[in-house]
Amino acid sequence: MKIGHIALSVSSIDKSIAFYRKNFGLVCREKYRHPELGFTIAIIKKNNIALELFEFKKHKKLPQYRRDLDTELKTLGVKHFSLEVTNIEDTLRRLKKNKVRFATGISTFDSGQRYFFIRDPDGILVELMQARK
């Protein structure tokens, strides 16, 4: 079994497609507009990663209490998704150069695996983890 895709509700599909393409190389493969229902869907992919983006004309912003990493992790529900990278330091430098918003700096799990969190244009948490050797 494997994950088919991860769905994200975003304020602007075009802005999110540009963010995930520029920073992670995901490319829009499908886009469906449903004006009668008030939303658009886009599927962006790279290798075995697929994100399904939803843009609703009438949407609610991410609540304030979910904008703090510690508070967010303590709130029930899906918290973030993680992308493995081959070089955590290079990824950090590239994302800083691209002026991505960081939620944390690099930390290390007890297992020795290194990671950090960023936020996408809508404040959604994305974890970057050093791939295991």
# chains A, B, ... in the order shown; residues from 1 in each chain; ligands from 1
>>> residues_around(residues="range 45-57 of chain A", least_positions_apart="3", cutoff="12 Å", atoms="only C-alpha atoms", output="number ranges by chain")
A: 2-17, 20-21, 23-42, 60-61, 81-84, 122
>>> write_last_selection(atoms="N, CA and C atoms", output="CSV table (one decimal), in the first residue's frame")
chain,number,residue,atom,x,y,z
A,2,LYS,N,0.4,2.3,-0.6
A,2,LYS,CA,1.1,3.6,-0.6
A,2,LYS,C,0.1,4.7,-0.6
A,3,ILE,N,0.5,5.9,-0.2
A,3,ILE,CA,-0.4,7.1,-0.2
A,3,ILE,C,-0.6,7.5,-1.6
A,4,GLY,N,-1.9,7.7,-2.0
A,4,GLY,CA,-2.2,8.1,-3.3
A,4,GLY,C,-1.9,9.6,-3.6
A,5,HIS,N,-2.4,10.4,-2.6
A,5,HIS,CA,-2.1,11.8,-2.7
A,5,HIS,C,-2.4,12.5,-1.4
A,6,ILE,N,-2.0,13.7,-1.2
A,6,ILE,CA,-2.3,14.5,0.0
A,6,ILE,C,-3.1,15.7,-0.6
A,7,ALA,N,-4.3,16.0,0.1
A,7,ALA,CA,-5.1,17.1,-0.3
A,7,ALA,C,-4.9,18.3,0.5
A,8,LEU,N,-4.8,19.5,-0.1
A,8,LEU,CA,-4.6,20.8,0.6
A,8,LEU,C,-5.6,21.8,0.1
A,9,SER,N,-6.3,22.5,1.0
A,9,SER,CA,-7.1,23.6,0.6
A,9,SER,C,-6.2,24.8,0.6
A,10,VAL,N,-6.2,25.6,-0.5
A,10,VAL,CA,-5.3,26.7,-0.6
A,10,VAL,C,-6.1,28.0,-1.1
A,11,SER,N,-5.6,29.1,-0.8
A,11,SER,CA,-6.2,30.4,-1.2
A,11,SER,C,-6.1,30.7,-2.7
A,12,SER,N,-5.0,30.2,-3.3
A,12,SER,CA,-4.7,30.5,-4.7
A,12,SER,C,-4.0,29.3,-5.3
A,13,ILE,N,-4.7,28.6,-6.2
A,13,ILE,CA,-4.0,27.4,-6.8
A,13,ILE,C,-2.8,27.8,-7.6
A,14,ASP,N,-2.9,28.9,-8.3
A,14,ASP,CA,-1.7,29.4,-9.1
A,14,ASP,C,-0.5,29.7,-8.3
A,15,LYS,N,-0.8,30.4,-7.1
A,15,LYS,CA,0.3,30.7,-6.2
A,15,LYS,C,0.9,29.4,-5.6
A,16,SER,N,0.1,28.5,-5.2
A,16,SER,CA,0.6,27.2,-4.6
A,16,SER,C,1.3,26.4,-5.7
A,17,ILE,N,0.8,26.3,-6.9
A,17,ILE,CA,1.5,25.6,-7.9
A,17,ILE,C,2.9,26.1,-8.1
A,20,TYR,N,5.2,25.2,-5.0
A,20,TYR,CA,5.7,23.8,-5.0
A,20,TYR,C,6.5,23.5,-6.2
A,21,ARG,N,6.3,24.1,-7.3
A,21,ARG,CA,7.2,23.9,-8.5
A,21,ARG,C,8.5,24.5,-8.2
A,23,ASN,N,10.1,25.3,-5.4
A,23,ASN,CA,10.8,24.8,-4.3
A,23,ASN,C,11.0,23.3,-4.3
A,24,PHE,N,10.2,22.6,-4.9
A,24,PHE,CA,10.3,21.1,-4.9
A,24,PHE,C,10.1,20.4,-6.2
A,25,GLY,N,9.9,21.1,-7.3
A,25,GLY,CA,9.8,20.5,-8.6
A,25,GLY,C,8.5,19.8,-8.9
A,26,LEU,N,7.4,20.1,-8.1
A,26,LEU,CA,6.2,19.4,-8.5
A,26,LEU,C,5.5,20.2,-9.7
A,27,VAL,N,4.9,19.4,-10.6
A,27,VAL,CA,4.4,20.0,-11.8
A,27,VAL,C,2.9,19.7,-11.9
A,28,CYS,N,2.1,20.7,-12.3
A,28,CYS,CA,0.7,20.5,-12.5
A,28,CYS,C,0.4,19.6,-13.6
A,29,ARG,N,-0.3,18.5,-13.3
A,29,ARG,CA,-0.6,17.5,-14.3
A,29,ARG,C,-2.1,17.6,-14.7
A,30,GLU,N,-2.9,18.0,-13.8
A,30,GLU,CA,-4.4,18.1,-14.1
A,30,GLU,C,-5.0,19.3,-13.4
A,31,LYS,N,-5.9,20.0,-14.0
A,31,LYS,CA,-6.6,21.1,-13.4
A,31,LYS,C,-8.1,21.0,-13.8
A,32,TYR,N,-9.0,21.1,-12.9
A,32,TYR,CA,-10.4,21.0,-13.1
A,32,TYR,C,-11.1,22.2,-12.5
A,33,ARG,N,-11.9,23.0,-13.3
A,33,ARG,CA,-12.6,24.1,-12.7
A,33,ARG,C,-14.1,23.7,-12.6
A,34,HIS,N,-14.7,24.0,-11.5
A,34,HIS,CA,-16.1,23.8,-11.2
A,34,HIS,C,-16.7,25.1,-10.7
A,35,PRO,N,-16.9,26.0,-11.7
A,35,PRO,CA,-17.5,27.3,-11.3
A,35,PRO,C,-18.9,27.2,-10.6
A,36,GLU,N,-19.7,26.2,-11.1
A,36,GLU,CA,-21.0,26.1,-10.6
A,36,GLU,C,-21.0,25.6,-9.1
A,37,LEU,N,-19.9,25.0,-8.7
A,37,LEU,CA,-19.7,24.6,-7.3
A,37,LEU,C,-18.8,25.5,-6.5
A,38,GLY,N,-18.1,26.4,-7.2
A,38,GLY,CA,-17.3,27.4,-6.5
A,38,GLY,C,-15.9,26.9,-6.2
A,39,PHE,N,-15.4,26.0,-6.9
A,39,PHE,CA,-14.0,25.5,-6.6
A,39,PHE,C,-13.3,25.0,-7.8
A,40,THR,N,-11.9,25.0,-7.7
A,40,THR,CA,-11.0,24.5,-8.7
A,40,THR,C,-10.1,23.5,-8.0
A,41,ILE,N,-9.7,22.4,-8.7
A,41,ILE,CA,-8.8,21.4,-8.2
A,41,ILE,C,-7.7,21.3,-9.2
A,42,ALA,N,-6.5,21.1,-8.6
A,42,ALA,CA,-5.3,20.9,-9.4
A,42,ALA,C,-4.5,19.7,-8.8
A,60,LYS,N,-12.1,29.7,4.3
A,60,LYS,CA,-11.7,30.3,5.6
A,60,LYS,C,-10.2,30.2,5.7
A,61,LYS,N,-9.6,31.2,6.3
A,61,LYS,CA,-8.2,31.2,6.5
A,61,LYS,C,-7.8,30.2,7.6
A,81,PHE,N,2.7,17.4,6.2
A,81,PHE,CA,3.2,16.3,5.4
A,81,PHE,C,4.7,16.5,5.3
A,82,SER,N,5.4,15.4,5.0
A,82,SER,CA,6.9,15.5,5.0
A,82,SER,C,7.5,15.1,3.7
A,83,LEU,N,8.5,15.7,3.3
A,83,LEU,CA,9.2,15.4,2.1
A,83,LEU,C,10.7,15.0,2.4
A,84,GLU,N,11.1,13.9,1.9
A,84,GLU,CA,12.5,13.5,2.2
A,84,GLU,C,13.4,14.2,1.1
A,122,ASP,N,0.0,29.5,2.3
A,122,ASP,CA,-1.2,29.6,3.2
A,122,ASP,C,-0.9,29.2,4.6
>>> select_by_dssp(residues="chain A", states="strand (DSSP E)", output="PyMOL selection string")
chain A and resi 6-10+27-34+39-46+49-56+81-85+101-102+107-108+114-119+125-130
>>> closest_residue(among="A:His59, A:Leu76, A:Arg93, A:Arg66", to="Gly123 in chain A", atoms="only C-alpha atoms")
A:Arg66
>>> select_by_dssp(residues="range 13-133 of chain A", states="alpha helix (DSSP H)", output="PDB file with N, CA and C atoms, in the first residue's frame")
ATOM      1  N   ILE A  13      -4.680  28.559  -6.196  1.00  0.00           N
ATOM      2  CA  ILE A  13      -4.047  27.400  -6.843  1.00  0.00           C
ATOM      3  C   ILE A  13      -2.795  27.830  -7.611  1.00  0.00           C
ATOM      4  N   ASP A  14      -2.895  28.925  -8.341  1.00  0.00           N
ATOM      5  CA  ASP A  14      -1.740  29.361  -9.144  1.00  0.00           C
ATOM      6  C   ASP A  14      -0.539  29.693  -8.259  1.00  0.00           C
ATOM      7  N   LYS A  15      -0.775  30.372  -7.139  1.00  0.00           N
ATOM      8  CA  LYS A  15       0.310  30.711  -6.218  1.00  0.00           C
ATOM      9  C   LYS A  15       0.906  29.437  -5.609  1.00  0.00           C
ATOM     10  N   SER A  16       0.059  28.490  -5.238  1.00  0.00           N
ATOM     11  CA  SER A  16       0.551  27.247  -4.635  1.00  0.00           C
ATOM     12  C   SER A  16       1.292  26.386  -5.656  1.00  0.00           C
ATOM     13  N   ILE A  17       0.782  26.306  -6.880  1.00  0.00           N
ATOM     14  CA  ILE A  17       1.476  25.552  -7.928  1.00  0.00           C
ATOM     15  C   ILE A  17       2.874  26.143  -8.124  1.00  0.00           C
ATOM     16  N   ALA A  18       2.962  27.467  -8.201  1.00  0.00           N
ATOM     17  CA  ALA A  18       4.266  28.130  -8.393  1.00  0.00           C
ATOM     18  C   ALA A  18       5.201  27.841  -7.215  1.00  0.00           C
ATOM     19  N   PHE A  19       4.696  27.881  -5.979  1.00  0.00           N
ATOM     20  CA  PHE A  19       5.504  27.623  -4.790  1.00  0.00           C
ATOM     21  C   PHE A  19       6.058  26.202  -4.807  1.00  0.00           C
ATOM     22  N   TYR A  20       5.206  25.209  -5.021  1.00  0.00           N
ATOM     23  CA  TYR A  20       5.650  23.814  -4.984  1.00  0.00           C
ATOM     24  C   TYR A  20       6.511  23.453  -6.199  1.00  0.00           C
ATOM     25  N   ARG A  21       6.299  24.116  -7.326  1.00  0.00           N
ATOM     26  CA  ARG A  21       7.159  23.890  -8.494  1.00  0.00           C
ATOM     27  C   ARG A  21       8.544  24.484  -8.250  1.00  0.00           C
ATOM     28  N   LYS A  22       8.594  25.740  -7.810  1.00  0.00           N
ATOM     29  CA  LYS A  22       9.876  26.426  -7.599  1.00  0.00           C
ATOM     30  C   LYS A  22      10.716  25.746  -6.517  1.00  0.00           C
ATOM     31  N   ASN A  23      10.083  25.345  -5.422  1.00  0.00           N
ATOM     32  CA  ASN A  23      10.833  24.846  -4.276  1.00  0.00           C
ATOM     33  C   ASN A  23      11.039  23.342  -4.264  1.00  0.00           C
ATOM     34  N   PHE A  24      10.157  22.577  -4.934  1.00  0.00           N
ATOM     35  CA  PHE A  24      10.250  21.114  -4.865  1.00  0.00           C
ATOM     36  C   PHE A  24      10.105  20.404  -6.203  1.00  0.00           C
ATOM     37  N   LEU A  69       3.528  26.105  15.704  1.00  0.00           N
ATOM     38  CA  LEU A  69       3.854  24.687  15.532  1.00  0.00           C
ATOM     39  C   LEU A  69       3.482  23.862  16.761  1.00  0.00           C
ATOM     40  N   ASP A  70       3.842  24.321  17.948  1.00  0.00           N
ATOM     41  CA  ASP A  70       3.566  23.554  19.165  1.00  0.00           C
ATOM     42  C   ASP A  70       2.059  23.381  19.378  1.00  0.00           C
ATOM     43  N   THR A  71       1.293  24.454  19.222  1.00  0.00           N
ATOM     44  CA  THR A  71      -0.161  24.377  19.383  1.00  0.00           C
ATOM     45  C   THR A  71      -0.777  23.499  18.296  1.00  0.00           C
ATOM     46  N   GLU A  72      -0.299  23.628  17.087  1.00  0.00           N
ATOM     47  CA  GLU A  72      -0.834  22.836  15.974  1.00  0.00           C
ATOM     48  C   GLU A  72      -0.644  21.342  16.219  1.00  0.00           C
ATOM     49  N   LEU A  73       0.538  20.954  16.668  1.00  0.00           N
ATOM     50  CA  LEU A  73       0.801  19.534  16.888  1.00  0.00           C
ATOM     51  C   LEU A  73      -0.071  18.947  17.998  1.00  0.00           C
ATOM     52  N   LYS A  74      -0.521  19.778  18.921  1.00  0.00           N
ATOM     53  CA  LYS A  74      -1.368  19.312  20.025  1.00  0.00           C
ATOM     54  C   LYS A  74      -2.850  19.301  19.672  1.00  0.00           C
ATOM     55  N   ILE A  88      19.960  17.939   3.536  1.00  0.00           N
ATOM     56  CA  ILE A  88      19.152  18.861   4.352  1.00  0.00           C
ATOM     57  C   ILE A  88      19.734  20.276   4.364  1.00  0.00           C
ATOM     58  N   GLU A  89      21.063  20.398   4.413  1.00  0.00           N
ATOM     59  CA  GLU A  89      21.681  21.727   4.448  1.00  0.00           C
ATOM     60  C   GLU A  89      21.480  22.468   3.127  1.00  0.00           C
ATOM     61  N   ASP A  90      21.687  21.757   2.004  1.00  0.00           N
ATOM     62  CA  ASP A  90      21.467  22.381   0.692  1.00  0.00           C
ATOM     63  C   ASP A  90      20.020  22.815   0.536  1.00  0.00           C
ATOM     64  N   THR A  91      19.101  21.976   1.001  1.00  0.00           N
ATOM     65  CA  THR A  91      17.678  22.305   0.909  1.00  0.00           C
ATOM     66  C   THR A  91      17.373  23.544   1.733  1.00  0.00           C
ATOM     67  N   LEU A  92      17.895  23.612   2.944  1.00  0.00           N
ATOM     68  CA  LEU A  92      17.684  24.777   3.801  1.00  0.00           C
ATOM     69  C   LEU A  92      18.203  26.046   3.134  1.00  0.00           C
ATOM     70  N   ARG A  93      19.404  26.000   2.598  1.00  0.00           N
ATOM     71  CA  ARG A  93      19.986  27.173   1.936  1.00  0.00           C
ATOM     72  C   ARG A  93      19.149  27.608   0.731  1.00  0.00           C
ATOM     73  N   ARG A  94      18.718  26.630  -0.079  1.00  0.00           N
ATOM     74  CA  ARG A  94      17.922  26.954  -1.274  1.00  0.00           C
ATOM     75  C   ARG A  94      16.593  27.590  -0.888  1.00  0.00           C
ATOM     76  N   LEU A  95      15.948  27.059   0.134  1.00  0.00           N
ATOM     77  CA  LEU A  95      14.661  27.604   0.561  1.00  0.00           C
ATOM     78  C   LEU A  95      14.823  28.994   1.183  1.00  0.00           C
ATOM     79  N   LYS A  96      15.908  29.211   1.914  1.00  0.00           N
ATOM     80  CA  LYS A  96      16.173  30.548   2.449  1.00  0.00           C
ATOM     81  C   LYS A  96      16.383  31.538   1.310  1.00  0.00           C
ATOM     82  N   LYS A  97      17.137  31.120   0.302  1.00  0.00           N
ATOM     83  CA  LYS A  97      17.372  31.972  -0.866  1.00  0.00           C
ATOM     84  C   LYS A  97      16.058  32.319  -1.556  1.00  0.00           C
TER      85      LYS A  97
END
>>> residues_around(residues="Met129 in chain A", least_positions_apart="3", cutoff="6 Å", atoms="only C-alpha atoms", output="PDB file with C-alpha atoms, in the first residue's frame")
ATOM      1  CA  GLU A  84      12.536  13.541   2.174  1.00  0.00           C
ATOM      2  CA  VAL A  85      15.533  15.338   0.725  1.00  0.00           C
ATOM      3  CA  ARG A 114      17.603  15.669  10.757  1.00  0.00           C
ATOM      4  CA  TYR A 115      14.574  17.778   9.841  1.00  0.00           C
TER       5      TYR A 115
END
>>> residues_around(residues="Ile118 in chain A", least_positions_apart="2", cutoff="9 Å", atoms="only C-alpha atoms", output="NGL selection string")
:A and (95 or 100-105 or 116 or 120 or 123-128)
>>> closest_residue(among="A:Ala131, A:Lys58, A:Pro63, A:His80", to="Arg119 in chain A", atoms="only C-alpha atoms")
A:His80
>>> atom_distance(atom1="CA of Thr86 in chain A", atom2="CA of Gln113 in chain A")
11.7 Å
>>> decode(residues="range 17-118 of chain A", atoms="C-alpha atoms", output="tab-separated table (two decimals), in the first residue's frame")
chain	number	residue	atom	x	y	z
A	17	ILE	CA	1.48	25.55	-7.93
A	18	ALA	CA	4.27	28.13	-8.39
A	19	PHE	CA	5.50	27.62	-4.79
A	20	TYR	CA	5.65	23.81	-4.98
A	21	ARG	CA	7.16	23.89	-8.49
A	22	LYS	CA	9.88	26.43	-7.60
A	23	ASN	CA	10.83	24.85	-4.28
A	24	PHE	CA	10.25	21.11	-4.87
A	25	GLY	CA	9.83	20.54	-8.61
A	26	LEU	CA	6.15	19.44	-8.48
A	27	VAL	CA	4.40	20.02	-11.81
A	28	CYS	CA	0.70	20.55	-12.48
A	29	ARG	CA	-0.63	17.48	-14.31
A	30	GLU	CA	-4.38	18.14	-14.14
A	31	LYS	CA	-6.65	21.09	-13.40
A	32	TYR	CA	-10.43	21.04	-13.13
A	33	ARG	CA	-12.62	24.10	-12.73
A	34	HIS	CA	-16.09	23.76	-11.20
A	35	PRO	CA	-17.49	27.33	-11.26
A	36	GLU	CA	-21.01	26.08	-10.55
A	37	LEU	CA	-19.74	24.57	-7.29
A	38	GLY	CA	-17.30	27.40	-6.51
A	39	PHE	CA	-14.00	25.55	-6.58
A	40	THR	CA	-11.02	24.47	-8.68
A	41	ILE	CA	-8.84	21.38	-8.23
A	42	ALA	CA	-5.26	20.87	-9.42
A	43	ILE	CA	-3.09	17.76	-9.18
A	44	ILE	CA	0.64	18.47	-8.89
A	45	LYS	CA	3.20	15.68	-9.00
A	46	LYS	CA	6.84	14.72	-8.91
A	47	ASN	CA	7.99	11.09	-8.89
A	48	ASN	CA	5.79	9.29	-6.34
A	49	ILE	CA	4.51	12.50	-4.66
A	50	ALA	CA	1.06	13.86	-5.54
A	51	LEU	CA	-0.69	16.85	-3.99
A	52	GLU	CA	-4.33	17.62	-4.73
A	53	LEU	CA	-4.93	21.36	-4.35
A	54	PHE	CA	-8.41	22.76	-3.72
A	55	GLU	CA	-9.20	26.44	-4.22
A	56	PHE	CA	-12.64	27.51	-3.03
A	57	LYS	CA	-14.07	30.93	-3.92
A	58	LYS	CA	-15.39	31.13	-0.37
A	59	HIS	CA	-12.71	29.81	1.97
A	60	LYS	CA	-11.72	30.28	5.59
A	61	LYS	CA	-8.15	31.23	6.51
A	62	LEU	CA	-6.01	28.99	8.70
A	63	PRO	CA	-7.15	29.73	12.29
A	64	GLN	CA	-4.69	31.69	14.43
A	65	TYR	CA	-4.31	28.86	16.96
A	66	ARG	CA	-3.03	26.56	14.18
A	67	ARG	CA	-0.24	28.92	13.14
A	68	ASP	CA	2.04	28.02	16.04
A	69	LEU	CA	3.85	24.69	15.53
A	70	ASP	CA	3.57	23.55	19.16
A	71	THR	CA	-0.16	24.38	19.38
A	72	GLU	CA	-0.83	22.84	15.97
A	73	LEU	CA	0.80	19.53	16.89
A	74	LYS	CA	-1.37	19.31	20.02
A	75	THR	CA	-4.60	19.84	18.03
A	76	LEU	CA	-6.26	16.67	16.74
A	77	GLY	CA	-6.21	16.06	12.99
A	78	VAL	CA	-3.70	15.96	10.16
A	79	LYS	CA	-0.77	18.22	11.02
A	80	HIS	CA	1.65	18.34	8.12
A	81	PHE	CA	3.23	16.28	5.38
A	82	SER	CA	6.89	15.46	5.04
A	83	LEU	CA	9.23	15.40	2.06
A	84	GLU	CA	12.54	13.54	2.17
A	85	VAL	CA	15.53	15.34	0.73
A	86	THR	CA	19.00	14.05	-0.09
A	87	ASN	CA	20.85	17.00	1.50
A	88	ILE	CA	19.15	18.86	4.35
A	89	GLU	CA	21.68	21.73	4.45
A	90	ASP	CA	21.47	22.38	0.69
A	91	THR	CA	17.68	22.30	0.91
A	92	LEU	CA	17.68	24.78	3.80
A	93	ARG	CA	19.99	27.17	1.94
A	94	ARG	CA	17.92	26.95	-1.27
A	95	LEU	CA	14.66	27.60	0.56
A	96	LYS	CA	16.17	30.55	2.45
A	97	LYS	CA	17.37	31.97	-0.87
A	98	ASN	CA	13.80	31.57	-2.17
A	99	LYS	CA	12.52	33.49	0.91
A	100	VAL	CA	10.36	30.61	2.13
A	101	ARG	CA	8.85	31.09	5.60
A	102	PHE	CA	10.53	28.83	8.17
A	103	ALA	CA	8.68	27.41	11.18
A	104	THR	CA	11.85	25.89	12.71
A	105	GLY	CA	15.55	25.50	12.13
A	106	ILE	CA	17.22	22.13	11.66
A	107	SER	CA	16.63	19.71	14.55
A	108	THR	CA	17.65	16.10	15.08
A	109	PHE	CA	15.44	13.18	16.14
A	110	ASP	CA	16.75	10.69	18.71
A	111	SER	CA	17.40	8.39	15.73
A	112	GLY	CA	19.84	10.93	14.31
A	113	GLN	CA	17.61	11.90	11.37
A	114	ARG	CA	17.60	15.67	10.76
A	115	TYR	CA	14.57	17.78	9.84
A	116	PHE	CA	13.03	21.24	9.76
A	117	PHE	CA	9.62	22.78	9.06
A	118	ILE	CA	8.55	25.47	6.60
